[in-house]
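This report concerns only the one structure given below.
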2 protein chains.
Amino acid sequence: MAAHQYDVIVIGGGSTGENVADRAVKGGLSVVLVEAERVGGECSYWACIPSKALLRPLQALADARAVAGARAATTGTLDVAAILARRDAFAAHWDDTGQAAWLEEHRIELVRGHGRLAGERRVAVTDKNGARTELIARHAVAVCTGSHAAIPPIPGLAEAHTWTSREATSAEHAPRRLAILGGGAVGCEMATAWSQLGSEALTIIQRGPRLIPGYEPFAGDALREAFERRAVTVLTGTTARSVERDRDGAVRLSLQSGRTIIADEVLVAAGREPRTDDLGLETVGLKTGSWLEVDDSMRVPAVPGGWLYAAGDVNHRTLLTHMGKYQARVCGDTIAARATGRLENGGSVPWTPYTATADHCAVPQVIFTEPEVAAVGLTEEQARARGMAVRAVDYDIGCVSGAALYADGYTGRARIVVDEARGVIVGMTMVGPAVGELIHAATIAVVGEVPASRL
Amino acid sequence: MAAHQYDVIVIGGGSTGENVADRAVKGGLSVVLVEAERVGGECSYWACIPSKALLRPLQALADARAVAGARAATTGTLDVAAILARRDAFAAHWDDTGQAAWLEEHRIELVRGHGRLAGERRVAVTDKNGARTELIARHAVAVCTGSHAAIPPIPGLAEAHTWTSREATSAEHAPRRLAILGGGAVGCEMATAWSQLGSEALTIIQRGPRLIPGYEPFAGDALREAFERRAVTVLTGTTARSVERDRDGAVRLSLQSGRTIIADEVLVAAGREPRTDDLGLETVGLKTGSWLEVDDSMRVPAVPGGWLYAAGDVNHRTLLTHMGKYQARVCGDTIAARATGRLENGGSVPWTPYTATADHCAVPQVIFTEPEVAAVGLTEEQARARGMAVRAVDYDIGCVSGAALYADGYTGRARIVVDEARGVIVGMTMVGPAVGELIHAATIAVVGEVPASRL
């Protein structure tokens, strides 16, 4: 069977792969995209979109209930069925017809099946019936396969048919008792959602000392306090020693602390692993199951010839959809520029279209909990660890009259981290209702290195 | 009677005057503040604060009703009495005890009464009993008297006991029929409020061809459409020829178009006039009732000796509370720096604490209507009028999935004005639910002159 030739092969049709392909096509190249599941990927069906669709109605109602006068109109109860139906619509009922049509409109060829690298610039695709297609790339192969939930090596966990972020965002009803292993962003957002959508007993089990590690400590403390006020149990400094699903369907988690938690479902939200365990990495000299290390143009330097790229979660730079799209634009533009000789094979220059500079300095993140957490740049601890002489300035957001107007009894807090030597803001973290809306401003200040005096 | 001496006299204790005084005290000077009405001024009692207090519950409820699932919980009706009571609380029940205490804490002396200039560095204060106090400033007098509603010379209007922004923000109940003369920000915000707080028949009468002149035309068009959808009548290209209040209390407005509007109250929202009509300007060679023209350090150059300053609305640079506070910081710091010899009497340098540079380039403004309007920098037309070669880029905000998640059927529009020569954004206007939250980001991009490529 003859191999099909394209300028570029993209493996993985999530938002990152779609954008790499789109940019490469716009750069004048022929592109084939290989997708094993649904075009649109994790974000569209099992992450950002359905998650925000679950959370937005809760937030909107909470906002109305926070203001006297509006509160009086909120005498009814949430329509959980309507929220789930709205979520289903945003997830396109898990049907990727629309996204496949988008590919066609953008002149990106779609090959459905599982793509595996098969040596230099070659990809072998196996479709669901076992039929194989051989693809050859004239210029580049871009791996955009993303990540999947990591399942920690806890005895019984893998066999207990637990939830991951996929089931947590697509479930059709709330488990009465839900245990969440992991108190990061995913765990906290899903606790926020399901505690209001019907779960009566909800427990977050966090191995570390605090929720949302990697953020300023006061943010994790504020979330814990808010969860506990809403009768969500937060257990820190412990994890499951063993897990077992009983015959009646209940899951028993024996914790290191000695406590036992019984739940109807367990959400495992304990980090991500690269989706590279069946990708043929060994055929190009890489290690199966590893993250793919890239340079700032998204190229994998470990592979000779400079033809292999990796963008999005799979390169482990920042596991966030919007940053994957950003890397995708850099990756697709770079491939096109190199293929057409517009870009030398060499060094990339910060802040040009061919360099993902922003990865290094200012990644805005919002956790859609109640209260929200929004952060950009470095925490105080991270900045000090990089040797910066920083000053942390804390604000009580509730003291600002705009906050009190927004919601009665508004409480919120912000920390700005200032690099004293350069007089610029290198990081900001905010906790409080609707702070996610403010992070764009902070991001531009950090990215733009706008002097603190001008702000 | 001996005159009392201070380093600085501030006339007018609104937010601008308070901030001038505070900065001057922090700079080591003695300061007296003269206030004829309430310390805190227009913003605290009859503008921003009560206005936003009226509007926020309406917005919060509208947001909840815009999302399926949350909408189901909003079966009740607004509690108008609770909204008005909340507004009263935010306006401190029109009692300035708290603000007067703030002055004392900040070592600012308060003299209650009407202050009038009485020659060079002299101010005469007449209290409500007619008693006079003479004040002498060693260094500077800062006029921060603000503005009041302009009453257009329409026959009968002045005699008809109409509302201005003061009555519109502090009214205790909704007039059944409300006519609004003027379709700028104040008129549109108050129409948004009272149409939902009980007014059954609401008419906006706008002399120009479009609501909110000075903004991008699409913004005014979007507001008009939204008002008409909610049965608010919008009449453009006309104004009242005469106004008369009947014996039964109803007001009859005869329009130039020939139409007659009968209303229970008329809100005159047709611009502002300087509060300088009884300020003794003639004693220092200025014209009574005029705006006070200032340089970038807030000094009035027309008055010899360099001792007279004017900050806030009264200098007519930008009639917005937050810009008044910004000018106040510049003004107070400059007075202190000049008094202590830290600053030469001469030229000010852009973006230093002694120069109100931001006035010229990027004033963020939000109109809290439904939909909201947010703008910063220049409109396309304004930029062209300044001779810039600009490109306007329009976006349909409703196409962004975040917008659809925010509210079902979200519609919104944004225009970015790019100066092609310099590659920077010089203006942005947005219309849609919650766009006010996004304007901070746009402002920092415009102020920071962050290159469009980096964004």
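Following the order of the structure tokens, chains are lettered A, B, ..., residues in each are numbered from 1, and ligands are numbered from 1.
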For Arg247 in chain A: contacts at 12 Å, only C-alpha atoms, fewer than 5 positions along chain excluded, given as a PyMOL selection string
chain A and resi 160+252+264
Could you pull out the residues in range 142-347 of chain B that DSSP calls helix (DSSP H, G or I) from the backbone, as a PyMOL selection string?
chain B and resi 158-160+165-170+185-197+217-229+281-284+313-315+321-339
Would you pick out the contacts of Leu29 in chain B at 6 Å or less, using only C-alpha atoms, so that residues sharing its chain but fewer than 3 positions from it are not included, and give the list as a PyMOL selection string?
chain B and resi 7+24-25
Coordinates-based distance that separates CA of Asp96 in chain B from CA of Ala140 in chain B (Å, one decimal)
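About the pair CA of Ala140 in chain B and CA of Asp96 in chain B: they are 25.8 Å apart.
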Give me the residues within 9 Å of range 193-195 of chain A as a PyMOL selection string, counting only C-alpha atoms and dropping any in the same chain fewer than 3 places off.
chain A and resi 51+54-55+58+168+174-175+178+188-190+198-202+230-232+369
Writing out the chosen residues with N, CA and C atoms as a PDB file, in the first residue's frame:
```
ATOM      1  N   SER A  51     -17.038  21.825  31.782  1.00  0.00           N
ATOM      2  CA  SER A  51     -16.812  22.225  33.164  1.00  0.00           C
ATOM      3  C   SER A  51     -17.361  23.629  33.408  1.00  0.00           C
ATOM      4  N   LEU A  54     -21.091  23.702  33.465  1.00  0.00           N
ATOM      5  CA  LEU A  54     -21.661  23.277  34.747  1.00  0.00           C
ATOM      6  C   LEU A  54     -21.565  24.390  35.788  1.00  0.00           C
ATOM      7  N   LEU A  55     -20.460  25.129  35.745  1.00  0.00           N
ATOM      8  CA  LEU A  55     -20.190  26.075  36.826  1.00  0.00           C
ATOM      9  C   LEU A  55     -20.864  27.439  36.640  1.00  0.00           C
ATOM     10  N   LEU A  58     -24.240  28.160  38.325  1.00  0.00           N
ATOM     11  CA  LEU A  58     -24.098  28.203  39.780  1.00  0.00           C
ATOM     12  C   LEU A  58     -23.537  29.556  40.201  1.00  0.00           C
ATOM     13  N   ALA A 168     -16.209  13.297  35.361  1.00  0.00           N
ATOM     14  CA  ALA A 168     -16.667  14.381  36.247  1.00  0.00           C
ATOM     15  C   ALA A 168     -17.315  15.515  35.466  1.00  0.00           C
ATOM     16  N   ALA A 174     -25.556  13.434  39.683  1.00  0.00           N
ATOM     17  CA  ALA A 174     -24.602  13.590  40.782  1.00  0.00           C
ATOM     18  C   ALA A 174     -24.565  12.317  41.611  1.00  0.00           C
ATOM     19  N   PRO A 175     -23.371  11.794  41.903  1.00  0.00           N
ATOM     20  CA  PRO A 175     -23.294  10.711  42.882  1.00  0.00           C
ATOM     21  C   PRO A 175     -23.669  11.271  44.256  1.00  0.00           C
ATOM     22  N   LEU A 178     -19.507  11.652  46.907  1.00  0.00           N
ATOM     23  CA  LEU A 178     -18.396  11.790  45.965  1.00  0.00           C
ATOM     24  C   LEU A 178     -17.111  12.057  46.730  1.00  0.00           C
ATOM     25  N   CYS A 188     -10.966  20.921  42.847  1.00  0.00           N
ATOM     26  CA  CYS A 188     -11.719  21.995  43.507  1.00  0.00           C
ATOM     27  C   CYS A 188     -12.882  22.486  42.650  1.00  0.00           C
ATOM     28  N   GLU A 189     -12.677  22.576  41.342  1.00  0.00           N
ATOM     29  CA  GLU A 189     -13.789  23.002  40.481  1.00  0.00           C
ATOM     30  C   GLU A 189     -14.916  21.973  40.486  1.00  0.00           C
ATOM     31  N   MET A 190     -14.548  20.707  40.413  1.00  0.00           N
ATOM     32  CA  MET A 190     -15.596  19.680  40.375  1.00  0.00           C
ATOM     33  C   MET A 190     -16.304  19.550  41.724  1.00  0.00           C
ATOM     34  N   GLY A 198     -26.098  18.234  43.436  1.00  0.00           N
ATOM     35  CA  GLY A 198     -26.789  17.101  44.017  1.00  0.00           C
ATOM     36  C   GLY A 198     -25.994  16.190  44.935  1.00  0.00           C
ATOM     37  N   SER A 199     -24.658  16.257  44.901  1.00  0.00           N
ATOM     38  CA  SER A 199     -23.901  15.394  45.812  1.00  0.00           C
ATOM     39  C   SER A 199     -24.097  15.875  47.247  1.00  0.00           C
ATOM     40  N   GLU A 200     -24.472  14.943  48.119  1.00  0.00           N
ATOM     41  CA  GLU A 200     -24.762  15.339  49.496  1.00  0.00           C
ATOM     42  C   GLU A 200     -23.529  15.268  50.382  1.00  0.00           C
ATOM     43  N   ALA A 201     -22.688  14.274  50.103  1.00  0.00           N
ATOM     44  CA  ALA A 201     -21.479  14.120  50.918  1.00  0.00           C
ATOM     45  C   ALA A 201     -20.283  14.189  49.986  1.00  0.00           C
ATOM     46  N   LEU A 202     -19.472  15.211  50.151  1.00  0.00           N
ATOM     47  CA  LEU A 202     -18.358  15.419  49.244  1.00  0.00           C
ATOM     48  C   LEU A 202     -17.079  15.599  50.057  1.00  0.00           C
ATOM     49  N   ARG A 230     -19.512  25.294  53.308  1.00  0.00           N
ATOM     50  CA  ARG A 230     -20.589  24.650  52.551  1.00  0.00           C
ATOM     51  C   ARG A 230     -20.639  23.148  52.796  1.00  0.00           C
ATOM     52  N   ALA A 231     -20.045  22.718  53.903  1.00  0.00           N
ATOM     53  CA  ALA A 231     -20.114  21.321  54.338  1.00  0.00           C
ATOM     54  C   ALA A 231     -19.417  20.352  53.391  1.00  0.00           C
ATOM     55  N   VAL A 232     -18.452  20.842  52.605  1.00  0.00           N
ATOM     56  CA  VAL A 232     -17.573  19.946  51.852  1.00  0.00           C
ATOM     57  C   VAL A 232     -16.399  19.623  52.767  1.00  0.00           C
ATOM     58  N   THR A 369     -13.870  28.346  41.135  1.00  0.00           N
ATOM     59  CA  THR A 369     -14.470  27.920  42.383  1.00  0.00           C
ATOM     60  C   THR A 369     -15.270  29.089  42.956  1.00  0.00           C
TER      61      THR A 369
END
```
Which residues come within 8 Å of Val294 in chain A, counting only C-alpha atoms, excluding same-chain residues fewer than 5 positions away, as a PDB file with N, CA and C atoms, in the first residue's frame?
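Saved as around-v8.pdb:
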```pdb
ATOM      1  N   ARG A 299       9.809  22.664  18.711  1.00  0.00           N
ATOM      2  CA  ARG A 299      10.473  21.544  18.068  1.00  0.00           C
ATOM      3  C   ARG A 299      11.109  20.653  19.119  1.00  0.00           C
ATOM      4  N   VAL A 300      11.114  19.331  18.858  1.00  0.00           N
ATOM      5  CA  VAL A 300      11.727  18.376  19.786  1.00  0.00           C
ATOM      6  C   VAL A 300      13.196  18.244  19.399  1.00  0.00           C
ATOM      7  N   PRO A 301      14.108  18.867  20.147  1.00  0.00           N
ATOM      8  CA  PRO A 301      15.511  18.891  19.707  1.00  0.00           C
ATOM      9  C   PRO A 301      16.202  17.532  19.803  1.00  0.00           C
ATOM     10  N   TYR A 309       7.770  18.036  16.063  1.00  0.00           N
ATOM     11  CA  TYR A 309       7.294  19.114  16.932  1.00  0.00           C
ATOM     12  C   TYR A 309       6.308  18.532  17.953  1.00  0.00           C
ATOM     13  N   ALA A 310       6.131  19.245  19.036  1.00  0.00           N
ATOM     14  CA  ALA A 310       5.108  18.845  20.020  1.00  0.00           C
ATOM     15  C   ALA A 310       4.542  20.103  20.663  1.00  0.00           C
ATOM     16  N   ASN A 315       3.908  18.583  25.734  1.00  0.00           N
ATOM     17  CA  ASN A 315       5.284  19.035  25.945  1.00  0.00           C
ATOM     18  C   ASN A 315       5.537  19.500  27.392  1.00  0.00           C
TER      19      ASN A 315
END
```
Which residues are near Gly289 in chain B? Cut-off 9 Å, only C-alpha atoms, ignore same chain within fewer than 3 positions. Put them as a list in words.
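Counting only C-alpha atoms, the residues come to Glu273, Pro274, Arg275, Thr276, Asp277, Asp278, Leu279 and Leu281 of chain B.
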For range 323-337 of chain B, list every protein, DNA or RNA residue within 7 Å, evaluated using only C-alpha atoms, and leave out those in the same chain fewer than 2 positions away; present the list as a list in words.
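Listed by chain and then number, they are Ser15, Thr16, Gly17, Asn19, Val20, Ala21, Arg23, Ala24, Gly27, Leu29, Ala140, Ser297, Met298, Ala311, Gly312, Asp313, Thr318, Leu320, Thr321, Ala339, Thr340, Gly341, Arg342, Leu343, Pro353, Tyr354, Thr355 and Ala356 of chain B.
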Check the smallest atom-to-atom distance from each of A:Pro304, A:Gly377, A:Pro371, A:Pro50 to chain B using only C-alpha atoms, then report the winner.
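The closest residue to chain B is A:Pro50.
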Among the residues of range 165-371 of chain A, find those DSSP assigns to strand (DSSP E or B) from the backbone and print them as a VMD selection string.
chain A and resid 177 to 181 201 to 206 233 to 236 240 to 245 251 to 255 260 to 263 265 to 268 272 to 274 299 308 to 310 365 to 367
For chain A, which of B:Ile83, B:Ala270, B:Ala389, B:Val243 is the closest residue, counting only C-alpha atoms?
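Checking each of B:Ile83, B:Ala270, B:Ala389, B:Val243 against chain A, counting only C-alpha atoms, the winner is B:Ile83.
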Which residue of B:Val417, B:Ala85, B:Leu286, B:Val39 approaches Gly98 in chain B most closely, using only C-alpha atoms:
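Residue with the minimum atom-to-atom distance to Gly98 in chain B: B:Val39.
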Between A:Ala82, A:Ala421, A:Ala100, A:Ala142, which residue has the minimum interatomic distance to chain B, considering only C-alpha atoms?
A:Ala82
Calculated over only C-alpha atoms, which of the candidates B:Leu84, B:Leu181, B:Ala36, B:Ile9 has the smallest distance to Leu197 in chain B?
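The shortest atom-to-atom distance to Leu197 in chain B comes from B:Leu84.
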